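Data block for my_file_33.cif (mmCIF, C-alpha atoms):
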data_coords
#
loop_
_atom_site.label_atom_id
_atom_site.label_comp_id
_atom_site.auth_asym_id
_atom_site.auth_seq_id
_atom_site.Cartn_x
_atom_site.Cartn_y
_atom_site.Cartn_z
CA MET A 1 0.00 0.00 0.00
CA ALA A 2 1.27 3.48 -0.87
CA LYS A 3 1.72 6.30 1.66
CA ASP A 4 -1.45 8.00 0.47
CA GLY A 5 -3.53 4.94 1.38
CA THR A 6 -4.15 3.67 -2.13
CA ASN A 7 -3.49 0.09 -3.05
CA ARG A 8 -1.50 0.36 -6.25
CA GLY A 9 1.43 -1.53 -7.60
CA GLY A 10 2.19 -5.05 -6.53
CA ALA A 11 1.78 -8.23 -8.49
CA ARG A 12 -0.27 -8.13 -11.65
CA ILE A 13 -3.28 -10.36 -12.02
CA GLY A 14 -2.38 -13.46 -14.01
CA ALA A 15 1.35 -13.01 -13.51
CA GLY A 16 3.39 -16.00 -12.52
CA ARG A 17 3.53 -19.62 -13.53
CA LYS A 18 0.74 -20.99 -15.61
CA PRO A 19 -0.70 -24.33 -14.54
CA LYS A 20 0.57 -27.31 -16.51
CA SER A 21 -1.75 -29.44 -18.55
CA LEU A 22 -2.73 -32.84 -17.27
CA THR A 23 -0.82 -34.64 -20.02
CA ASP A 24 2.35 -32.70 -19.14
CA LYS A 25 1.98 -33.67 -15.47
CA ILE A 26 1.50 -37.33 -16.40
CA ASN A 27 4.48 -37.30 -18.79
CA GLU A 28 6.70 -35.85 -16.05
CA GLY A 29 5.62 -38.63 -13.68
CA LYS A 30 3.87 -36.31 -11.24
CA SER A 31 0.65 -37.24 -9.54
CA ALA A 32 -2.41 -35.81 -11.22
CA LYS A 33 -6.14 -36.14 -10.81
CA VAL A 34 -7.67 -37.55 -13.97
CA THR A 35 -11.33 -37.01 -14.69
CA VAL A 36 -12.43 -39.95 -16.79
CA PRO A 37 -16.12 -40.71 -17.06
CA THR A 38 -16.70 -44.17 -15.57
CA GLU A 39 -20.26 -44.62 -16.78
CA LEU A 40 -22.20 -43.24 -19.67
CA GLU A 41 -25.14 -41.17 -18.62
CA GLY A 42 -28.45 -40.90 -20.43
CA ALA A 43 -28.68 -37.09 -20.42
CA ASP A 44 -26.78 -35.76 -23.39
CA ILE A 45 -27.04 -32.00 -23.36
CA PRO A 46 -28.78 -29.67 -20.91
CA PRO A 47 -31.74 -27.81 -22.39
CA VAL A 48 -30.76 -24.75 -24.38
CA ARG A 49 -32.26 -21.59 -22.93
CA GLU A 50 -34.87 -19.71 -24.95
CA PHE A 51 -32.87 -16.52 -25.48
CA MET A 52 -30.35 -18.55 -27.46
CA LYS A 53 -33.08 -19.66 -29.87
CA ALA A 54 -34.97 -16.38 -30.18
CA PRO A 55 -35.87 -15.23 -33.70
CA GLN A 56 -33.71 -12.42 -34.98
CA ALA A 57 -34.44 -9.40 -37.14
CA LYS A 58 -35.23 -10.18 -40.77
CA GLY A 59 -35.87 -13.82 -39.87
CA LYS A 60 -32.24 -14.85 -39.67
CA ASP A 61 -31.23 -17.73 -37.46
CA LEU A 62 -29.13 -17.15 -34.36
CA VAL A 63 -26.52 -19.90 -34.32
CA ALA A 64 -25.93 -19.70 -30.55
CA GLU A 65 -27.84 -22.94 -29.97
CA GLU A 66 -25.67 -24.79 -32.49
CA ILE A 67 -22.46 -23.41 -30.94
CA PHE A 68 -23.67 -24.28 -27.43
CA ILE A 69 -24.44 -27.88 -28.46
CA LYS A 70 -21.13 -28.39 -30.26
CA THR A 71 -19.14 -26.95 -27.37
CA TYR A 72 -21.02 -29.01 -24.78
CA GLN A 73 -20.54 -32.19 -26.82
CA TRP A 74 -16.82 -31.45 -27.09
CA LEU A 75 -16.61 -30.93 -23.32
CA LYS A 76 -18.55 -34.14 -22.70
CA ALA A 77 -16.22 -36.08 -25.01
CA HIS A 78 -13.32 -34.95 -22.80
CA GLY A 79 -15.17 -35.62 -19.55
CA CYS A 80 -15.09 -31.95 -18.53
CA GLU A 81 -18.75 -30.96 -18.93
CA LYS A 82 -19.21 -30.81 -15.15
CA ALA A 83 -16.07 -28.74 -14.63
CA VAL A 84 -17.31 -25.87 -16.82
CA TYR A 85 -20.29 -23.78 -15.76
CA SER A 86 -23.12 -23.86 -18.30
CA GLN A 87 -23.31 -20.04 -18.07
CA LEU A 88 -19.76 -19.85 -19.39
CA ILE A 89 -20.70 -22.02 -22.36
CA GLU A 90 -23.79 -19.85 -22.93
CA GLN A 91 -21.71 -16.66 -22.86
CA TYR A 92 -19.25 -18.16 -25.33
CA ALA A 93 -22.04 -19.30 -27.66
CA MET A 94 -23.83 -15.93 -27.59
CA ASN A 95 -20.63 -13.96 -28.20
CA MET A 96 -19.72 -16.18 -31.14
CA ALA A 97 -23.24 -15.92 -32.57
CA ARG A 98 -23.22 -12.11 -32.24
CA TRP A 99 -19.78 -11.97 -33.85
CA ILE A 100 -21.12 -13.98 -36.79
CA GLN A 101 -24.09 -11.59 -37.05
CA ALA A 102 -21.79 -8.56 -37.09
CA GLU A 103 -19.60 -10.16 -39.76
CA GLU A 104 -22.67 -10.85 -41.90
CA ILE A 105 -23.71 -7.19 -41.65
CA ILE A 106 -20.19 -6.03 -42.54
CA SER A 107 -20.25 -8.33 -45.58
CA ALA A 108 -23.63 -6.95 -46.65
CA THR A 109 -22.99 -3.23 -46.03
CA GLY A 110 -19.23 -2.86 -46.41
CA PHE A 111 -16.58 -1.27 -44.26
CA LEU A 112 -17.77 2.31 -44.64
CA ALA A 113 -20.81 4.11 -43.27
CA LYS A 114 -22.26 7.57 -43.66
CA HIS A 115 -21.63 10.07 -40.86
CA PRO A 116 -24.99 11.09 -39.33
CA THR A 117 -24.36 14.86 -39.37
CA THR A 118 -21.74 15.59 -42.03
CA GLY A 119 -22.66 12.83 -44.46
CA GLY A 120 -18.99 11.97 -44.97
CA ALA A 121 -17.58 8.48 -45.03
CA ILE A 122 -16.65 6.92 -41.69
CA ALA A 123 -15.66 3.44 -40.59
CA SER A 124 -18.66 1.17 -40.09
CA PRO A 125 -19.63 0.84 -36.41
CA TYR A 126 -20.17 -2.87 -37.02
CA ILE A 127 -16.42 -3.32 -37.27
CA ASN A 128 -15.99 -2.28 -33.63
CA ILE A 129 -18.96 -4.41 -32.63
CA SER A 130 -17.44 -7.41 -34.41
CA GLN A 131 -14.06 -6.88 -32.78
CA THR A 132 -15.63 -6.56 -29.32
CA TYR A 133 -17.63 -9.77 -29.63
CA ALA A 134 -14.66 -11.64 -31.10
CA LYS A 135 -12.43 -10.52 -28.22
CA GLN A 136 -14.99 -11.49 -25.59
CA ALA A 137 -15.57 -14.89 -27.22
CA GLN A 138 -11.84 -15.53 -27.38
CA GLN A 139 -11.34 -14.66 -23.71
CA ILE A 140 -14.19 -16.94 -22.66
CA TRP A 141 -12.85 -19.69 -24.92
CA TYR A 142 -9.43 -19.46 -23.25
CA GLN A 143 -11.13 -20.00 -19.88
CA ILE A 144 -13.00 -23.05 -21.15
CA PHE A 145 -9.94 -24.47 -22.92
CA GLN A 146 -7.78 -23.99 -19.82
CA ILE A 147 -10.23 -26.05 -17.77
CA VAL A 148 -10.13 -28.82 -20.37
CA LYS A 149 -6.35 -28.62 -20.61
CA GLU A 150 -5.98 -29.01 -16.85
CA ASN A 151 -8.54 -31.80 -16.47
CA SER A 152 -8.47 -33.92 -19.61
CA ALA A 153 -6.01 -36.71 -20.29
CA GLY A 154 -7.13 -37.08 -23.91
CA ASP A 155 -6.23 -35.26 -27.10
CA TYR A 156 -7.86 -31.85 -27.15
CA SER A 157 -6.25 -30.54 -30.34
CA HIS A 158 -9.48 -30.35 -32.41
CA THR A 159 -11.86 -27.90 -30.80
CA PRO A 160 -15.22 -26.31 -31.67
CA MET A 161 -13.31 -23.03 -32.11
CA ASP A 162 -11.71 -24.63 -35.19
CA ASP A 163 -15.12 -24.84 -36.86
CA THR A 164 -15.96 -21.14 -36.47
CA MET A 165 -15.12 -20.09 -40.02
CA GLU A 166 -16.99 -23.09 -41.41
CA LEU A 167 -19.99 -22.06 -39.32
CA LEU A 168 -19.73 -18.45 -40.53
CA LEU A 169 -19.74 -19.60 -44.15
CA SER A 170 -22.58 -22.08 -43.64
CA VAL A 171 -24.77 -19.40 -42.04
CA ARG A 172 -24.48 -17.34 -45.22
CA ASN A 173 -25.91 -20.21 -47.22
CA ARG A 174 -29.01 -20.40 -44.98
CA LYS A 175 -32.11 -18.35 -45.51
CA GLY A 176 -31.88 -14.59 -45.70
CA VAL A 177 -28.30 -14.15 -46.87
#

As structure tokens - that is how I would like this structure written.
Amino acid sequence: MAKDGTNRGGARIGAGRKPKSLTDKINEGKSAKVTVPTELEGADIPPVREFMKAPQAKGKDLVAEEIFIKTYQWLKAHGCEKAVYSQLIEQYAMNMARWIQAEEIISATGFLAKHPTTGGAIASPYINISQTYAKQAQQIWYQIFQIVKENSAGDYSHTPMDDTMELLLSVRNRKGV
């Protein structure tokens, strides 16, 4: 604490050693807790909440439900579906879906917009919206992936994040685009 009573300086958040993945711990011969599903359960995926399926403007589909299902299935395949809060998966799915929506609008309208008062060309506000949603989705994905990395003994190289561009392109082929 500084002389003026403020708490500034000190260690930064996130500084220091990063936790090792489970496979690294096992390869080094250290003890590690492995979460391997012992029995198969009947319940596949928790119900997707209604706001993730809500109809969008101009009748376009919101792909948040599809992203939620793919991500949950990937977590379940690695035995980590109970280690990740469903709200975190929902946030990731909604941010990815909104990013895809912003990218669709940018593709339809272009990178420039008309200034409301001067009428001159300005950068499209959808570019900033797209960047914001992409950044949020990436940060949430890193949290999810870190949990899987620390708790899964299997190969986690192929992720739902790899299918994002494929999903973006497939959405354009659906109705309304």

Next item on the list: Calculate how many Å separate atom CA of Ser124 of chain A from atom CA of Ile105 of chain A, rounding to one decimal.
Entry: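 Interatomic distance, atom CA of Ser124 of chain A to atom CA of Ile105 of chain A: 9.9 Å.
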
Item checked: Residues in the PyMOL selection byres ((chain A and resi 73-85) around 8), expressed as a list of chain:residue names -> A:Thr35, A:Val36, A:Pro37, A:Asp44, A:Ile45, A:Ile69, A:Lys70, A:Thr71, A:Tyr72, A:Ser86, A:Gln87, A:Leu88, A:Ile89, A:Ile144, A:Ile147, A:Val148, A:Asn151, A:Ser152, A:Ala153, A:Gly154, A:Tyr156, A:Thr159, A:Pro160

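Among A:Lys3, A:Lys18, A:Lys60, A:Lys135, the residue with the shortest atom-to-atom distance to Met96 of chain A, counting all atoms listed in the file, is A:Lys135.
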
Check: Can you tell me, as a PyMOL selection string, which residues sit within 10 Å of (-20.9, -3.0, -39.5) in the file's frame, using only C-alpha atoms?
Finding: chain A and resi 101-113+123-130

Next item on the list: Identify the residues around (-32.6, -26.6, -20.9) within a radius of 12 Å, measuring from only C-alpha atoms in the coordinates stated by the file, and give them as a list in words.
Entry: Ala43, Asp44, Ile45, Pro46, Pro47, Val48, Arg49, Glu50, Phe51, Met52, Lys53, Glu65, Phe68, Ile69, Ser86, Gln87 and Glu90 of chain A
